[in-house]
$ cat target_12.pdb   # PDB, C-alpha atoms
MODEL        1
ATOM      1  CA  MET A  16      76.266  31.313  55.073
ATOM      2  CA  ARG A  17      74.909  32.402  58.466
ATOM      3  CA  PHE A  18      76.502  33.068  61.818
ATOM      4  CA  ARG A  19      75.020  31.724  65.010
ATOM      5  CA  ASP A  20      75.820  34.995  66.772
ATOM      6  CA  ARG A  21      78.327  37.841  66.837
ATOM      7  CA  ALA A  22      80.823  35.847  68.916
ATOM      8  CA  GLU A  23      81.006  33.168  66.215
ATOM      9  CA  ALA A  24      81.534  35.877  63.571
ATOM     10  CA  GLY A  25      84.281  37.369  65.708
ATOM     11  CA  ARG A  26      86.064  34.047  66.023
ATOM     12  CA  GLU A  27      86.157  33.685  62.242
ATOM     13  CA  LEU A  28      87.626  37.170  61.871
ATOM     14  CA  ALA A  29      90.057  36.431  64.687
ATOM     15  CA  GLY A  30      91.424  33.433  62.809
ATOM     16  CA  LEU A  31      92.019  35.448  59.655
ATOM     17  CA  LEU A  32      93.589  38.378  61.491
ATOM     18  CA  SER A  33      95.757  36.096  63.646
ATOM     19  CA  ALA A  34      97.255  34.626  60.482
ATOM     20  CA  ALA A  35      98.033  38.121  59.180
ATOM     21  CA  HIS A  36      99.511  39.071  62.558
ATOM     22  CA  ALA A  37     101.723  35.980  62.557
ATOM     23  CA  ARG A  38     103.063  37.036  59.137
ATOM     24  CA  GLY A  39     104.000  40.403  60.601
ATOM     25  CA  ASP A  40     101.349  42.286  58.617
ATOM     26  CA  LEU A  41      99.670  43.861  61.682
ATOM     27  CA  PRO A  42     102.417  45.285  63.914
ATOM     28  CA  ASP A  43     101.436  46.881  67.248
ATOM     29  CA  PRO A  44      97.670  46.376  66.781
ATOM     30  CA  VAL A  45      94.826  48.063  68.626
ATOM     31  CA  VAL A  46      91.228  46.941  68.062
ATOM     32  CA  LEU A  47      88.448  49.527  67.922
ATOM     33  CA  ALA A  48      84.851  48.302  67.944
ATOM     34  CA  LEU A  49      81.963  50.286  66.528
ATOM     35  CA  PRO A  50      79.418  49.879  69.339
ATOM     36  CA  ARG A  51      77.140  48.495  70.155
ATOM     37  CA  GLY A  52      77.056  45.487  67.812
ATOM     38  CA  GLY A  53      80.736  45.609  66.898
ATOM     39  CA  ILE A  54      81.944  45.039  70.450
ATOM     40  CA  ALA A  55      80.819  41.389  70.556
ATOM     41  CA  VAL A  56      82.662  40.721  67.275
ATOM     42  CA  ALA A  57      85.758  42.675  68.313
ATOM     43  CA  GLU A  58      86.225  40.968  71.682
ATOM     44  CA  PRO A  59      87.481  37.614  70.321
ATOM     45  CA  VAL A  60      89.583  39.485  67.750
ATOM     46  CA  ALA A  61      91.388  41.513  70.405
ATOM     47  CA  ARG A  62      91.861  38.427  72.567
ATOM     48  CA  ALA A  63      93.380  36.435  69.707
ATOM     49  CA  LEU A  64      95.781  39.247  68.798
ATOM     50  CA  GLY A  65      96.683  40.080  72.394
ATOM     51  CA  ALA A  66      95.695  43.647  71.502
ATOM     52  CA  PRO A  67      93.985  46.383  73.505
ATOM     53  CA  LEU A  68      90.245  46.714  72.903
ATOM     54  CA  ASP A  69      88.472  50.065  72.824
ATOM     55  CA  VAL A  70      85.485  51.659  71.134
ATOM     56  CA  LEU A  71      84.905  54.415  68.621
ATOM     57  CA  VAL A  72      81.368  55.718  68.933
ATOM     58  CA  VAL A  73      79.765  56.525  65.591
ATOM     59  CA  ARG A  74      76.148  57.383  64.860
ATOM     60  CA  LYS A  75      74.143  56.861  61.734
ATOM     61  CA  ILE A  76      72.179  59.817  60.346
ATOM     62  CA  GLY A  77      68.977  58.233  59.143
ATOM     63  CA  ALA A  78      66.513  59.467  56.558
ATOM     64  CA  PRO A  79      63.496  61.127  58.248
ATOM     65  CA  CYS A  80      61.083  58.785  56.473
ATOM     66  CA  GLN A  81      63.143  55.667  57.259
ATOM     67  CA  GLU A  82      65.492  56.061  60.200
ATOM     68  CA  GLU A  83      67.294  52.763  59.578
ATOM     69  CA  PHE A  84      68.384  53.950  56.114
ATOM     70  CA  ALA A  85      71.655  55.868  56.500
ATOM     71  CA  VAL A  86      72.201  59.080  54.565
ATOM     72  CA  GLY A  87      75.285  60.002  56.573
ATOM     73  CA  ALA A  88      77.111  59.476  59.852
ATOM     74  CA  LEU A  89      78.908  61.173  62.727
ATOM     75  CA  ALA A  90      82.211  60.251  64.374
ATOM     76  CA  ALA A  91      83.639  62.000  67.435
ATOM     77  CA  ASP A  92      83.391  65.782  67.082
ATOM     78  CA  ASP A  93      83.845  65.713  63.307
ATOM     79  CA  PRO A  94      81.314  67.454  61.043
ATOM     80  CA  PRO A  95      78.618  65.135  59.714
ATOM     81  CA  LEU A  96      79.642  63.098  56.690
ATOM     82  CA  PHE A  97      76.764  62.871  54.209
ATOM     83  CA  ASP A  98      76.232  60.738  51.130
ATOM     84  CA  GLU A  99      75.529  63.546  48.700
ATOM     85  CA  ALA A 100      74.110  61.269  46.005
ATOM     86  CA  THR A 101      71.620  59.763  48.440
ATOM     87  CA  LEU A 102      70.582  63.196  49.691
ATOM     88  CA  ALA A 103      69.885  64.303  46.125
ATOM     89  CA  GLU A 104      68.001  61.109  45.339
ATOM     90  CA  LEU A 105      65.747  61.556  48.381
ATOM     91  CA  GLY A 106      65.331  65.309  47.947
ATOM     92  CA  LEU A 107      67.006  66.044  51.303
ATOM     93  CA  THR A 108      69.411  68.816  52.275
ATOM     94  CA  GLU A 109      71.979  69.075  55.054
ATOM     95  CA  GLU A 110      69.922  71.913  56.521
ATOM     96  CA  SER A 111      66.755  69.818  56.664
ATOM     97  CA  LEU A 112      68.649  67.105  58.534
ATOM     98  CA  ALA A 113      70.050  69.478  61.191
ATOM     99  CA  PRO A 114      67.590  68.279  63.899
ATOM    100  CA  VAL A 115      68.507  64.645  63.190
ATOM    101  CA  VAL A 116      72.214  65.481  63.361
ATOM    102  CA  GLU A 117      71.776  67.281  66.685
ATOM    103  CA  ARG A 118      69.842  64.354  68.170
ATOM    104  CA  GLU A 119      72.466  61.845  67.052
ATOM    105  CA  ARG A 120      75.279  64.092  68.301
ATOM    106  CA  ARG A 121      73.693  64.114  71.766
ATOM    107  CA  GLU A 122      73.418  60.323  71.759
ATOM    108  CA  LEU A 123      77.014  59.979  70.552
ATOM    109  CA  ARG A 124      78.254  62.103  73.453
ATOM    110  CA  ARG A 125      76.094  60.207  75.935
ATOM    111  CA  ARG A 126      77.544  56.904  74.809
ATOM    112  CA  GLU A 127      81.125  58.191  74.810
ATOM    113  CA  GLN A 128      80.678  59.352  78.399
ATOM    114  CA  ARG A 129      79.024  56.061  79.357
ATOM    115  CA  TYR A 130      81.678  53.848  77.778
ATOM    116  CA  ARG A 131      84.804  55.873  78.461
ATOM    117  CA  GLY A 132      84.053  58.141  81.412
ATOM    118  CA  ASP A 133      87.222  60.120  82.132
ATOM    119  CA  ARG A 134      89.477  57.608  80.370
ATOM    120  CA  PRO A 135      91.254  59.243  77.416
ATOM    121  CA  PRO A 136      91.041  57.632  73.981
ATOM    122  CA  PRO A 137      94.058  55.516  73.024
ATOM    123  CA  ASP A 138      97.010  57.049  71.199
ATOM    124  CA  LEU A 139      96.777  55.551  67.711
ATOM    125  CA  SER A 140      99.711  57.295  66.071
ATOM    126  CA  GLY A 141     102.013  54.821  64.340
ATOM    127  CA  ARG A 142      99.911  51.771  65.291
ATOM    128  CA  THR A 143      97.893  49.252  63.296
ATOM    129  CA  VAL A 144      94.282  50.228  63.957
ATOM    130  CA  ILE A 145      91.716  47.485  63.309
ATOM    131  CA  VAL A 146      88.138  48.768  63.087
ATOM    132  CA  VAL A 147      85.570  46.032  63.722
ATOM    133  CA  ASP A 148      81.798  45.980  63.230
ATOM    134  CA  ASP A 149      79.223  43.196  62.986
ATOM    135  CA  GLY A 150      78.605  43.854  59.288
ATOM    136  CA  LEU A 151      78.502  46.499  56.614
ATOM    137  CA  ALA A 152      75.375  47.643  54.763
ATOM    138  CA  THR A 153      75.616  51.178  53.344
ATOM    139  CA  GLY A 154      79.041  51.738  54.900
ATOM    140  CA  ALA A 155      78.089  55.195  56.186
ATOM    141  CA  THR A 156      79.243  54.714  59.783
ATOM    142  CA  ALA A 157      82.383  52.829  58.767
ATOM    143  CA  ARG A 158      83.350  55.599  56.351
ATOM    144  CA  ALA A 159      82.931  58.273  59.042
ATOM    145  CA  ALA A 160      84.984  56.177  61.454
ATOM    146  CA  LEU A 161      87.808  55.547  58.990
ATOM    147  CA  ARG A 162      88.086  59.185  57.949
ATOM    148  CA  HIS A 163      88.214  60.263  61.583
ATOM    149  CA  LEU A 164      90.875  57.694  62.398
ATOM    150  CA  ARG A 165      93.002  58.497  59.344
ATOM    151  CA  ARG A 166      93.572  61.981  60.755
ATOM    152  CA  LEU A 167      95.068  60.400  63.889
ATOM    153  CA  ARG A 168      97.982  59.065  61.794
ATOM    154  CA  PRO A 169      97.881  55.301  62.291
ATOM    155  CA  ALA A 170     100.604  53.317  60.560
ATOM    156  CA  ARG A 171      97.943  51.055  59.045
ATOM    157  CA  LEU A 172      94.160  51.245  59.016
ATOM    158  CA  VAL A 173      92.235  47.984  58.704
ATOM    159  CA  LEU A 174      88.467  47.535  58.416
ATOM    160  CA  ALA A 175      87.351  44.041  59.476
ATOM    161  CA  VAL A 176      83.732  42.893  59.224
ATOM    162  CA  PRO A 177      82.355  39.334  58.958
ATOM    163  CA  VAL A 178      79.820  40.101  56.235
ATOM    164  CA  GLY A 179      79.062  43.051  53.987
ATOM    165  CA  ALA A 180      77.424  44.384  50.858
ATOM    166  CA  PRO A 181      79.908  44.008  47.985
ATOM    167  CA  ASP A 182      79.325  47.486  46.506
ATOM    168  CA  SER A 183      79.790  49.195  49.878
ATOM    169  CA  LEU A 184      82.954  47.217  50.575
ATOM    170  CA  ASP A 185      84.385  48.231  47.206
ATOM    171  CA  LEU A 186      83.764  51.901  47.984
ATOM    172  CA  LEU A 187      85.496  51.619  51.356
ATOM    173  CA  ALA A 188      88.637  50.193  49.794
ATOM    174  CA  ALA A 189      89.706  53.811  49.243
ATOM    175  CA  GLU A 190      89.274  54.652  52.944
ATOM    176  CA  ALA A 191      91.261  51.819  54.584
ATOM    177  CA  ASP A 192      94.621  50.232  53.829
ATOM    178  CA  VAL A 193      93.013  46.800  54.147
ATOM    179  CA  VAL A 194      89.346  45.760  54.010
ATOM    180  CA  LEU A 195      88.886  42.258  55.419
ATOM    181  CA  CYS A 196      85.460  40.712  54.858
ATOM    182  CA  PRO A 197      85.225  36.942  54.347
ATOM    183  CA  HIS A 198      81.578  36.925  53.244
ATOM    184  CA  ARG A 199      80.308  39.254  50.516
ATOM    185  CA  PRO A 200      76.913  37.830  49.482
ATOM    186  CA  SER A 201      75.314  39.234  46.344
ATOM    187  CA  GLY A 202      71.867  39.095  47.955
ATOM    188  CA  PHE A 203      72.784  41.435  50.811
ATOM    189  CA  ALA A 204      69.876  43.447  52.220
ATOM    190  CA  ALA A 205      70.647  43.977  55.927
ATOM    191  CA  VAL A 206      73.304  42.840  58.400
ATOM    192  CA  GLY A 207      70.809  41.055  60.632
ATOM    193  CA  GLN A 208      69.754  38.615  57.911
ATOM    194  CA  TRP A 209      73.115  36.832  58.246
ATOM    195  CA  TYR A 210      72.791  36.103  61.980
ATOM    196  CA  ASP A 211      70.555  33.638  63.814
ATOM    197  CA  ASP A 212      70.910  35.746  66.967
ATOM    198  CA  PHE A 213      71.076  39.464  66.203
ATOM    199  CA  GLU A 214      69.727  40.786  69.482
ATOM    200  CA  GLN A 215      70.507  44.432  70.243
ATOM    201  CA  LEU A 216      73.360  44.793  72.722
ATOM    202  CA  THR A 217      73.021  47.035  75.762
ATOM    203  CA  ASP A 218      75.377  49.631  77.199
ATOM    204  CA  THR A 219      75.948  47.244  80.104
ATOM    205  CA  GLN A 220      77.157  44.515  77.728
ATOM    206  CA  VAL A 221      79.506  46.954  76.000
ATOM    207  CA  LEU A 222      81.000  47.981  79.351
ATOM    208  CA  ALA A 223      81.354  44.346  80.425
ATOM    209  CA  ALA A 224      83.309  43.566  77.250
ATOM    210  CA  LEU A 225      85.594  46.547  77.725
ATOM    211  CA  HIS A 226      86.248  45.884  81.392
ATOM    212  CA  GLY A 227      86.613  42.149  80.918
ATOM    213  CA  HIS A 228      89.254  42.374  78.228
TER     214      HIS A 228
ENDMDL
END
$ encode --input "target_12.pdb" --output "structure tokens"
Amino acid sequence: MRFRDRAEAGRELAGLLSAAHARGDLPDPVVLALPRGGIAVAEPVARALGAPLDVLVVRKIGAPCQEEFAVGALAADDPPLFDEATLAELGLTEESLAPVVERERRELRRREQRYRGDRPPPDLSGRTVIVVDDGLATGATARAALRHLRRLRPARLVLAVPVGAPDSLDLLAAEADVVLCPHRPSGFAAVGQWYDDFEQLTDTQVLAALHGH
């Protein structure tokens, strides 16, 4: 199983979510992409559901020795959410990661300003909130996003990703009301391995998707 690109992955998710919407399982939906990669997957989902599309900026907190390996994540102005077991395994402390957290917090705020400007975030209270990303590896950023959103009192919280690591998806079942992931390969190593085209999206592409919806 491989996707040609994120748009193809989004169309598959859109078909599954449209069926759930037609059954009445997703009343009053709003789609939130985790940028940048999630926006290209979320766009066809929002279009199929006739739902508003917005973003929730989250940032991975990477291990100092391997920045791509997440040991935690940030969402909005929430405190950092760390994976305590991973910190212990790597011999890291929250204090030692303070410079990384500060750097990622600055980038999070820059992106929020770039994507939203003066536009307020959507009111999610009582709505079905569908969080979309291009895949799920450790689940660190998705977990931070879901915990942030839960405090905003949605009626239903759905995590939708095209492909993900089975163990991480199982852990996130406690964070969302529904976890939708059609492909859960046992040989999962990284999200990009399941896409032919996994080119990094730009801020300009994110803005185009938001303004074009």
$ atom_distance --input "target_12.pdb" --atom1 "CA of Leu102 (chain A)" --atom2 "CA of Val86 (chain A)"
6.6 Å
$ atom_distance --input "target_12.pdb" --atom1 "CA of Pro50 (chain A)" --atom2 "CA of Pro137 (chain A)"
16.1 Å
$ residues_around --input "target_12.pdb" --residues "region 69-84 of chain A" --least-positions-apart "4" --cutoff "9 Å" --atoms "only C-alpha atoms" --output "ChimeraX atom specification"
/A:45-51,53-54,88-91,95-97,102,105,107,112,115-116,119-120,122-124,126-127,130-131,136-137,146,153,155-157,159-160,225
$ closest_residue --input "target_12.pdb" --among "A:Gly39, A:Gly52, A:Pro197, A:Gly132" --to "Asp212 (chain A)" --atoms "only C-alpha atoms"
A:Gly52
$ resolve_selection --input "target_12.pdb" --expression "the PyMOL selection byres ((chain A and resi 33) around 12)" --output "list in words"
Gly25, Arg26, Glu27, Leu28, Ala29, Gly30, Leu31, Leu32, Ala34, Ala35, His36, Ala37, Arg38, Gly39, Asp40, Leu41, Pro42, Pro44, Pro59, Val60, Ala61, Arg62, Ala63, Leu64, Gly65 and Ala66 of chain A
$ resolve_selection --input "target_12.pdb" --expression "the PyMOL selection byres ((chain A and resi 215) around 12)" --output "list in words"
Asp20, Arg21, Pro50, Arg51, Gly52, Gly53, Ile54, Ala55, Asp149, Gly207, Tyr210, Asp212, Phe213, Glu214, Leu216, Thr217, Asp218, Thr219, Gln220 and Val221 of chain A
$ residues_near_point --input "target_12.pdb" --point "(92.6, 46.6, 61.2)" --cutoff "6 Å" --atoms "all atoms listed in the file" --output "list in words"
Val144, Ile145, Val146, Leu172, Val173 and Leu174 of chain A
$ atom_distance --input "target_12.pdb" --atom1 "CA of Ala180 (chain A)" --atom2 "CA of Asp211 (chain A)"
18.2 Å
$ closest_residue --input "target_12.pdb" --among "A:Val56, A:Leu167, A:Leu187, A:Val178" --to "Ala205 (chain A)" --atoms "only C-alpha atoms"
A:Val178
$ residues_around --input "target_12.pdb" --residues "Arg171 (chain A)" --least-positions-apart "3" --cutoff "7 Å" --atoms "only C-alpha atoms" --output "ChimeraX atom specification"
/A:142-144,192
